[in-house]
Amino acid sequence: MMAAVLYGKEHLRVEPVAVPTIDSGDILVRVKVALTCGTDVKVFRRGYHARMIVPPAVFGHELAGDVVAVGAGVTRFSVGQRVVAANSAPCETCYFCRRGLQNLCEDLLFNNGAYAEYIRIPARIVEGNTYEIPAYVDYRDAALVEPLACVVRGFEESGPQPGDTMAIIGLGPIGLMFVKLAKLRGCRVIAVGRRKTQLDRAASLGADDLIVGADGSDPVAEIRALTHGRGVDVSIEAVGKPTTWQWAVNCLRRGGTVNFFGGCPNDSKVNLDTALLHYSEITCKASFHHTPEYIRKALDLVSAGHITASVFVNREEPLANLLEVMRHLMSHNGHLKTAILP
């Protein structure tokens, strides 16, 4: 089969490799759609991911496809079924899993290899985090389930209530998903993005107020002006920069909650005003990854038509063009997703 193999920093080749073999409990899936992701772009730029992938390796992790083979003992799936498989599964027995924190599992099993014609889904993911796609759901829509699950978890962990005002800083696909979920919840949304195209997309999803947050600007003052000086109930940082982390804290009302959803580069430091955190009772949260519960919730949202690829995916490319696609996505933050068709 043809697959995209990552060899190191910005070193990627689409080349023939052996079709994966499957063991008892595994399934083999013919990839119909694999979506690009900001994490994959970071992996391509850095040449590795400390927890997810060690080169040389086939990479990519957002996919939907068809079951073409099943291992001995597989009872949940059969050849011909359309499935979406998450990129991980927890052990369900460690300290964190027993406390409902499966995303922090001590033995979290990751799976990569979506940028290929076929991918092996290991038994633990088959049993605990793979789902049949309803017949009426497009493969492109189904492939959004993994990133959406991360967003749904971050959204629910932040606790917005109907009528709350939320500031969403960063309007790439992740930030736009937050905008959509906030409007479904009945919140007022103040969207902060660097480019007009991003702000236009947020507006099309129902964002109520739009602010340009470019380098050197101070959207905090604008956010406070839009909230009678009080600040927002919840802020979501979906960029991953120390500066925008600061914005997300400083635009909150007393008693507000910030979710640092965007991961900053390694060794980043952020200085927070301890008096502000203490006397204003600010709640600071961060969200990493997803759990099977949230994969199921994301699939329900997709199946209901609330989240569709038409909003978050704006290109289609063959697998052979993946290197060009990765270089394009590196040009700046905020690009929408590209559907890779192996």
# chains A, B, ... in the order shown; residues from 1 in each chain; ligands from 1

$ residues_around --residues "A:Thr244" --least-positions-apart "6" --cutoff "12 Å" --atoms "only C-alpha atoms" --output "ChimeraX atom specification"
/A:167-170,192-194,213-220,235-238,250-251,258-264,270-271

$ residues_around --residues "A:Val84" --least-positions-apart "4" --cutoff "8 Å" --atoms "only C-alpha atoms" --output "list in words"
Leu63, Ala64, Gly65, Thr130, Tyr131, Glu132, Ile133, Ala142, Ala143 and Val145 of chain A

$ write_last_selection --atoms "N, CA and C atoms" --output "PDB file, in the first residue's frame"
ATOM      1  N   LEU A  63      -9.518   9.803  11.120  1.00  0.00           N
ATOM      2  CA  LEU A  63      -9.869   8.980   9.963  1.00  0.00           C
ATOM      3  C   LEU A  63     -11.257   8.399  10.064  1.00  0.00           C
ATOM      4  N   ALA A  64     -11.757   7.995   8.918  1.00  0.00           N
ATOM      5  CA  ALA A  64     -12.967   7.187   8.821  1.00  0.00           C
ATOM      6  C   ALA A  64     -12.780   6.255   7.631  1.00  0.00           C
ATOM      7  N   GLY A  65     -13.340   5.045   7.729  1.00  0.00           N
ATOM      8  CA  GLY A  65     -13.138   4.109   6.633  1.00  0.00           C
ATOM      9  C   GLY A  65     -13.994   2.867   6.759  1.00  0.00           C
ATOM     10  N   THR A 130     -13.970   2.449  19.092  1.00  0.00           N
ATOM     11  CA  THR A 130     -14.272   2.397  17.658  1.00  0.00           C
ATOM     12  C   THR A 130     -15.786   2.287  17.511  1.00  0.00           C
ATOM     13  N   TYR A 131     -16.348   2.977  16.495  1.00  0.00           N
ATOM     14  CA  TYR A 131     -17.802   3.078  16.403  1.00  0.00           C
ATOM     15  C   TYR A 131     -18.257   2.972  14.957  1.00  0.00           C
ATOM     16  N   GLU A 132     -19.424   2.380  14.766  1.00  0.00           N
ATOM     17  CA  GLU A 132     -20.006   2.320  13.435  1.00  0.00           C
ATOM     18  C   GLU A 132     -20.531   3.694  13.039  1.00  0.00           C
ATOM     19  N   ILE A 133     -20.298   4.050  11.787  1.00  0.00           N
ATOM     20  CA  ILE A 133     -20.794   5.323  11.261  1.00  0.00           C
ATOM     21  C   ILE A 133     -22.204   5.110  10.720  1.00  0.00           C
ATOM     22  N   ALA A 142     -17.617  12.155   9.655  1.00  0.00           N
ATOM     23  CA  ALA A 142     -17.259  11.200  10.707  1.00  0.00           C
ATOM     24  C   ALA A 142     -15.810  11.381  11.159  1.00  0.00           C
ATOM     25  N   ALA A 143     -14.928  11.733  10.238  1.00  0.00           N
ATOM     26  CA  ALA A 143     -13.514  11.889  10.593  1.00  0.00           C
ATOM     27  C   ALA A 143     -13.271  13.066  11.531  1.00  0.00           C
ATOM     28  N   VAL A 145     -14.755  13.449  14.293  1.00  0.00           N
ATOM     29  CA  VAL A 145     -15.139  13.035  15.641  1.00  0.00           C
ATOM     30  C   VAL A 145     -13.991  13.176  16.635  1.00  0.00           C
TER      31      VAL A 145
END

$ residues_around --residues "A:Glu222" --least-positions-apart "5" --cutoff "10 Å" --atoms "only C-alpha atoms" --output "list in words"
Ile190, Leu210, Ile211, Val212, Thr227, Gly229, Gly231 and Cys251 of chain A

$ residues_around --residues "stretch 3-11 of chain A" --least-positions-apart "4" --cutoff "9 Å" --atoms "only C-alpha atoms" --output "ChimeraX atom specification"
/A:15-17,43-48,54-60,113-118,319-320,322-323,326-327,342

$ write_last_selection --atoms "N, CA and C atoms" --output "short mmCIF file (atom, residue, chain, number, x, y, z; two decimals), in the first residue's frame"
data_model
loop_
_atom_site.label_atom_id
_atom_site.label_comp_id
_atom_site.auth_asym_id
_atom_site.auth_seq_id
_atom_site.Cartn_x
_atom_site.Cartn_y
_atom_site.Cartn_z
N GLU A 15 5.31 6.57 0.17
CA GLU A 15 6.03 5.46 -0.45
C GLU A 15 5.31 4.13 -0.18
N PRO A 16 5.67 3.08 -0.92
CA PRO A 16 5.05 1.77 -0.67
C PRO A 16 5.55 1.17 0.63
N VAL A 17 4.62 0.66 1.42
CA VAL A 17 4.95 -0.08 2.64
C VAL A 17 4.02 -1.29 2.71
N VAL A 43 3.88 17.77 14.59
CA VAL A 43 4.71 16.56 14.50
C VAL A 43 5.60 16.63 13.27
N PHE A 44 5.04 17.08 12.15
CA PHE A 44 5.81 17.22 10.92
C PHE A 44 6.94 18.23 11.10
N ARG A 45 6.63 19.35 11.75
CA ARG A 45 7.64 20.40 11.94
C ARG A 45 8.76 19.93 12.86
N ARG A 46 8.40 19.24 13.94
CA ARG A 46 9.38 18.82 14.94
C ARG A 46 10.04 17.49 14.59
N GLY A 47 9.34 16.67 13.83
CA GLY A 47 9.89 15.37 13.44
C GLY A 47 9.57 14.24 14.38
N TYR A 48 8.75 14.50 15.40
CA TYR A 48 8.41 13.46 16.37
C TYR A 48 7.29 13.98 17.27
N VAL A 54 7.19 7.91 17.14
CA VAL A 54 8.65 7.92 17.03
C VAL A 54 9.01 7.51 15.61
N PRO A 55 9.68 8.39 14.85
CA PRO A 55 10.00 8.05 13.46
C PRO A 55 11.09 6.99 13.37
N PRO A 56 11.15 6.29 12.23
CA PRO A 56 10.25 6.42 11.08
C PRO A 56 8.92 5.72 11.34
N ALA A 57 7.84 6.37 10.96
CA ALA A 57 6.53 5.80 11.22
C ALA A 57 5.49 6.46 10.32
N VAL A 58 4.47 5.70 9.98
CA VAL A 58 3.31 6.27 9.29
C VAL A 58 2.55 7.10 10.31
N PHE A 59 2.11 8.31 9.91
CA PHE A 59 1.41 9.13 10.90
C PHE A 59 0.06 9.59 10.37
N GLY A 60 -0.61 10.45 11.16
CA GLY A 60 -1.99 10.83 10.90
C GLY A 60 -2.91 10.10 11.84
N GLY A 113 -1.25 6.41 11.85
CA GLY A 113 -1.16 5.71 10.58
C GLY A 113 -2.30 5.99 9.63
N ALA A 114 -3.02 7.09 9.87
CA ALA A 114 -4.20 7.41 9.04
C ALA A 114 -3.83 7.85 7.63
N TYR A 115 -2.63 8.39 7.45
CA TYR A 115 -2.23 8.83 6.11
C TYR A 115 -1.69 7.63 5.33
N ALA A 116 -2.59 6.73 5.02
CA ALA A 116 -2.23 5.48 4.34
C ALA A 116 -3.50 4.86 3.76
N GLU A 117 -3.32 3.89 2.89
CA GLU A 117 -4.48 3.23 2.32
C GLU A 117 -5.19 2.34 3.33
N TYR A 118 -4.41 1.74 4.24
CA TYR A 118 -4.99 0.87 5.25
C TYR A 118 -4.36 1.19 6.61
N LEU A 319 -3.33 11.44 -1.33
CA LEU A 319 -2.24 11.15 -0.40
C LEU A 319 -0.89 11.57 -0.97
N ALA A 320 -0.72 11.45 -2.27
CA ALA A 320 0.56 11.78 -2.90
C ALA A 320 0.96 13.23 -2.67
N LEU A 322 0.56 14.98 0.16
CA LEU A 322 0.57 15.32 1.59
C LEU A 322 1.73 16.23 1.97
N LEU A 323 2.90 16.04 1.40
CA LEU A 323 4.04 16.90 1.74
C LEU A 323 3.73 18.35 1.41
N MET A 326 1.25 19.70 3.99
CA MET A 326 1.86 20.02 5.28
C MET A 326 2.64 21.34 5.21
N ARG A 327 3.34 21.56 4.13
CA ARG A 327 4.07 22.82 3.99
C ARG A 327 3.13 24.00 3.91
N PRO A 342 -6.70 8.74 0.50
CA PRO A 342 -5.69 7.74 0.10
C PRO A 342 -6.12 6.94 -1.12
#

$ select_by_dssp --residues "stretch 91-284 of chain A" --states "helix (DSSP H, G or I)" --output "PyMOL selection string"
chain A and resi 97-99+102-104+123-128+139-142+145-158+173-185+196-204+219-226+242-250+274-279

$ atom_distance --atom1 "atom CA of A:Val151" --atom2 "atom CA of A:Leu109"
20.1 Å

$ atom_distance --atom1 "atom CA of A:Asp164" --atom2 "atom CA of A:Ser280"
17.5 Å

$ select_by_dssp --residues "stretch 17-221 of chain A" --states "strand (DSSP E or B)" --output "PyMOL selection string"
chain A and resi 27-35+49+53+57-58+62-70+82-85+88-89+109-110+116+118-121+130-132+165-169+188-193+209-212

$ atom_distance --atom1 "atom CA of A:Leu148" --atom2 "atom CA of A:Tyr95"
25.9 Å

$ closest_residue --among "A:Glu146, A:Glu157, A:Asp208, A:Glu92" --to "A:Thr283" --atoms "only C-alpha atoms"
A:Glu157

$ closest_residue --among "A:Leu35, A:Thr257, A:Arg153, A:His332" --to "A:Leu101" --atoms "only C-alpha atoms"
A:Arg153

$ residues_around --residues "A:Arg315" --least-positions-apart "6" --cutoff "8 Å" --atoms "only C-alpha atoms" --output "VMD selection string"
chain A and resid 337 to 339

$ closest_residue --among "A:Pro173, A:Gly154, A:Gly256, A:Gly334" --to "A:Thr308" --atoms "only C-alpha atoms"
A:Pro173

$ residues_around --residues "stretch 28-30 of chain A" --least-positions-apart "2" --cutoff "10 Å" --atoms "only C-alpha atoms" --output "number ranges by chain"
A: 19-23, 26, 32-33, 63-71, 79-85, 114, 116-122, 342

$ closest_residue --among "A:His335, A:Arg296, A:His289, A:His306" --to "A:Asn103" --atoms "only C-alpha atoms"
A:His289

$ closest_residue --among "A:Ala248, A:Ala182, A:Leu12, A:Val239" --to "A:Pro265" --atoms "only C-alpha atoms"
A:Val239

$ closest_residue --among "A:Ile340, A:Ala149, A:Asn87, A:Lys269" --to "A:Glu324" --atoms "only C-alpha atoms"
A:Ile340

$ decode --residues "stretch 311-324 of chain A" --atoms "all heavy atoms" --output "mmCIF file, in the first residue's frame"
data_model
loop_
_atom_site.group_PDB
_atom_site.id
_atom_site.type_symbol
_atom_site.label_atom_id
_atom_site.label_comp_id
_atom_site.auth_asym_id
_atom_site.auth_seq_id
_atom_site.Cartn_x
_atom_site.Cartn_y
_atom_site.Cartn_z
ATOM 1 N N VAL A 311 -17.982 23.034 7.068
ATOM 2 C CA VAL A 311 -17.546 24.215 7.821
ATOM 3 C C VAL A 311 -16.057 24.166 8.136
ATOM 4 O O VAL A 311 -15.384 25.195 8.155
ATOM 5 C CB VAL A 311 -18.357 24.341 9.129
ATOM 6 C CG1 VAL A 311 -17.873 25.526 9.966
ATOM 7 C CG2 VAL A 311 -19.842 24.478 8.821
ATOM 8 N N PHE A 312 -15.523 22.972 8.369
ATOM 9 C CA PHE A 312 -14.175 22.840 8.918
ATOM 10 C C PHE A 312 -13.135 22.285 7.940
ATOM 11 O O PHE A 312 -11.952 22.274 8.250
ATOM 12 C CB PHE A 312 -14.224 21.942 10.160
ATOM 13 C CG PHE A 312 -15.184 22.437 11.193
ATOM 14 C CD1 PHE A 312 -16.451 21.888 11.306
ATOM 15 C CD2 PHE A 312 -14.832 23.476 12.034
ATOM 16 C CE1 PHE A 312 -17.351 22.359 12.249
ATOM 17 C CE2 PHE A 312 -15.714 23.957 12.985
ATOM 18 C CZ PHE A 312 -16.987 23.405 13.089
ATOM 19 N N VAL A 313 -13.576 21.812 6.794
ATOM 20 C CA VAL A 313 -12.676 21.234 5.786
ATOM 21 C C VAL A 313 -12.865 22.005 4.487
ATOM 22 O O VAL A 313 -13.986 22.105 3.992
ATOM 23 C CB VAL A 313 -12.984 19.740 5.557
ATOM 24 C CG1 VAL A 313 -12.046 19.151 4.510
ATOM 25 C CG2 VAL A 313 -12.894 18.961 6.869
ATOM 26 N N ASN A 314 -11.795 22.558 3.948
ATOM 27 C CA ASN A 314 -11.960 23.367 2.730
ATOM 28 C C ASN A 314 -11.115 22.902 1.543
ATOM 29 O O ASN A 314 -11.108 23.548 0.497
ATOM 30 C CB ASN A 314 -11.653 24.845 3.022
ATOM 31 C CG ASN A 314 -10.191 25.107 3.356
ATOM 32 O OD1 ASN A 314 -9.454 24.183 3.687
ATOM 33 N ND2 ASN A 314 -9.781 26.357 3.283
ATOM 34 N N ARG A 315 -10.400 21.765 1.705
ATOM 35 C CA ARG A 315 -9.615 21.243 0.589
ATOM 36 C C ARG A 315 -9.673 19.731 0.588
ATOM 37 O O ARG A 315 -9.861 19.112 1.638
ATOM 38 C CB ARG A 315 -8.135 21.672 0.691
ATOM 39 C CG ARG A 315 -7.867 23.152 0.600
ATOM 40 C CD ARG A 315 -6.385 23.446 0.795
ATOM 41 N NE ARG A 315 -5.531 22.860 -0.234
ATOM 42 C CZ ARG A 315 -4.208 22.832 -0.193
ATOM 43 N NH1 ARG A 315 -3.561 23.309 0.867
ATOM 44 N NH2 ARG A 315 -3.504 22.303 -1.173
ATOM 45 N N GLU A 316 -9.496 19.156 -0.588
ATOM 46 C CA GLU A 316 -9.298 17.717 -0.738
ATOM 47 C C GLU A 316 -8.043 17.499 -1.563
ATOM 48 O O GLU A 316 -7.832 18.183 -2.573
ATOM 49 C CB GLU A 316 -10.491 17.060 -1.442
ATOM 50 C CG GLU A 316 -11.759 16.995 -0.639
ATOM 51 C CD GLU A 316 -12.852 16.235 -1.366
ATOM 52 O OE1 GLU A 316 -12.606 15.791 -2.517
ATOM 53 O OE2 GLU A 316 -13.953 16.097 -0.806
ATOM 54 N N GLU A 317 -7.225 16.566 -1.128
ATOM 55 C CA GLU A 317 -5.988 16.273 -1.841
ATOM 56 C C GLU A 317 -5.725 14.771 -1.793
ATOM 57 O O GLU A 317 -6.055 14.107 -0.803
ATOM 58 C CB GLU A 317 -4.792 17.003 -1.212
ATOM 59 C CG GLU A 317 -4.845 18.518 -1.299
ATOM 60 C CD GLU A 317 -4.576 19.055 -2.689
ATOM 61 O OE1 GLU A 317 -4.096 18.274 -3.543
ATOM 62 O OE2 GLU A 317 -4.843 20.250 -2.926
ATOM 63 N N PRO A 318 -5.083 14.223 -2.833
ATOM 64 C CA PRO A 318 -4.677 12.817 -2.771
ATOM 65 C C PRO A 318 -3.519 12.652 -1.799
ATOM 66 O O PRO A 318 -2.794 13.616 -1.487
ATOM 67 C CB PRO A 318 -4.251 12.517 -4.207
ATOM 68 C CG PRO A 318 -3.828 13.843 -4.757
ATOM 69 C CD PRO A 318 -4.726 14.859 -4.119
ATOM 70 N N LEU A 319 -3.334 11.444 -1.333
ATOM 71 C CA LEU A 319 -2.244 11.151 -0.396
ATOM 72 C C LEU A 319 -0.892 11.569 -0.968
ATOM 73 O O LEU A 319 -0.024 12.044 -0.225
ATOM 74 C CB LEU A 319 -2.242 9.656 -0.073
ATOM 75 C CG LEU A 319 -1.155 9.147 0.873
ATOM 76 C CD1 LEU A 319 -1.264 9.811 2.234
ATOM 77 C CD2 LEU A 319 -1.238 7.624 1.001
ATOM 78 N N ALA A 320 -0.719 11.446 -2.269
ATOM 79 C CA ALA A 320 0.561 11.782 -2.899
ATOM 80 C C ALA A 320 0.960 13.232 -2.671
ATOM 81 O O ALA A 320 2.144 13.575 -2.746
ATOM 82 C CB ALA A 320 0.498 11.484 -4.395
ATOM 83 N N ASN A 321 -0.023 14.109 -2.378
ATOM 84 C CA ASN A 321 0.252 15.542 -2.207
ATOM 85 C C ASN A 321 0.434 15.944 -0.750
ATOM 86 O O ASN A 321 0.460 17.137 -0.448
ATOM 87 C CB ASN A 321 -0.882 16.370 -2.813
ATOM 88 C CG ASN A 321 -0.947 16.263 -4.315
ATOM 89 O OD1 ASN A 321 -0.076 15.652 -4.943
ATOM 90 N ND2 ASN A 321 -1.971 16.838 -4.912
ATOM 91 N N LEU A 322 0.561 14.982 0.161
ATOM 92 C CA LEU A 322 0.569 15.321 1.586
ATOM 93 C C LEU A 322 1.732 16.225 1.969
ATOM 94 O O LEU A 322 1.560 17.135 2.792
ATOM 95 C CB LEU A 322 0.607 14.046 2.433
ATOM 96 C CG LEU A 322 0.530 14.279 3.944
ATOM 97 C CD1 LEU A 322 -0.779 14.951 4.330
ATOM 98 C CD2 LEU A 322 0.691 12.967 4.710
ATOM 99 N N LEU A 323 2.902 16.041 1.403
ATOM 100 C CA LEU A 323 4.040 16.900 1.744
ATOM 101 C C LEU A 323 3.729 18.348 1.405
ATOM 102 O O LEU A 323 3.975 19.258 2.215
ATOM 103 C CB LEU A 323 5.299 16.435 1.007
ATOM 104 C CG LEU A 323 6.569 17.252 1.261
ATOM 105 C CD1 LEU A 323 6.915 17.277 2.741
ATOM 106 C CD2 LEU A 323 7.734 16.706 0.449
ATOM 107 N N GLU A 324 3.175 18.578 0.237
ATOM 108 C CA GLU A 324 2.788 19.932 -0.160
ATOM 109 C C GLU A 324 1.730 20.496 0.791
ATOM 110 O O GLU A 324 1.786 21.669 1.181
ATOM 111 C CB GLU A 324 2.227 19.906 -1.583
ATOM 112 C CG GLU A 324 1.603 21.218 -2.049
ATOM 113 C CD GLU A 324 0.791 21.033 -3.327
ATOM 114 O OE1 GLU A 324 1.088 20.122 -4.114
ATOM 115 O OE2 GLU A 324 -0.159 21.815 -3.522
#
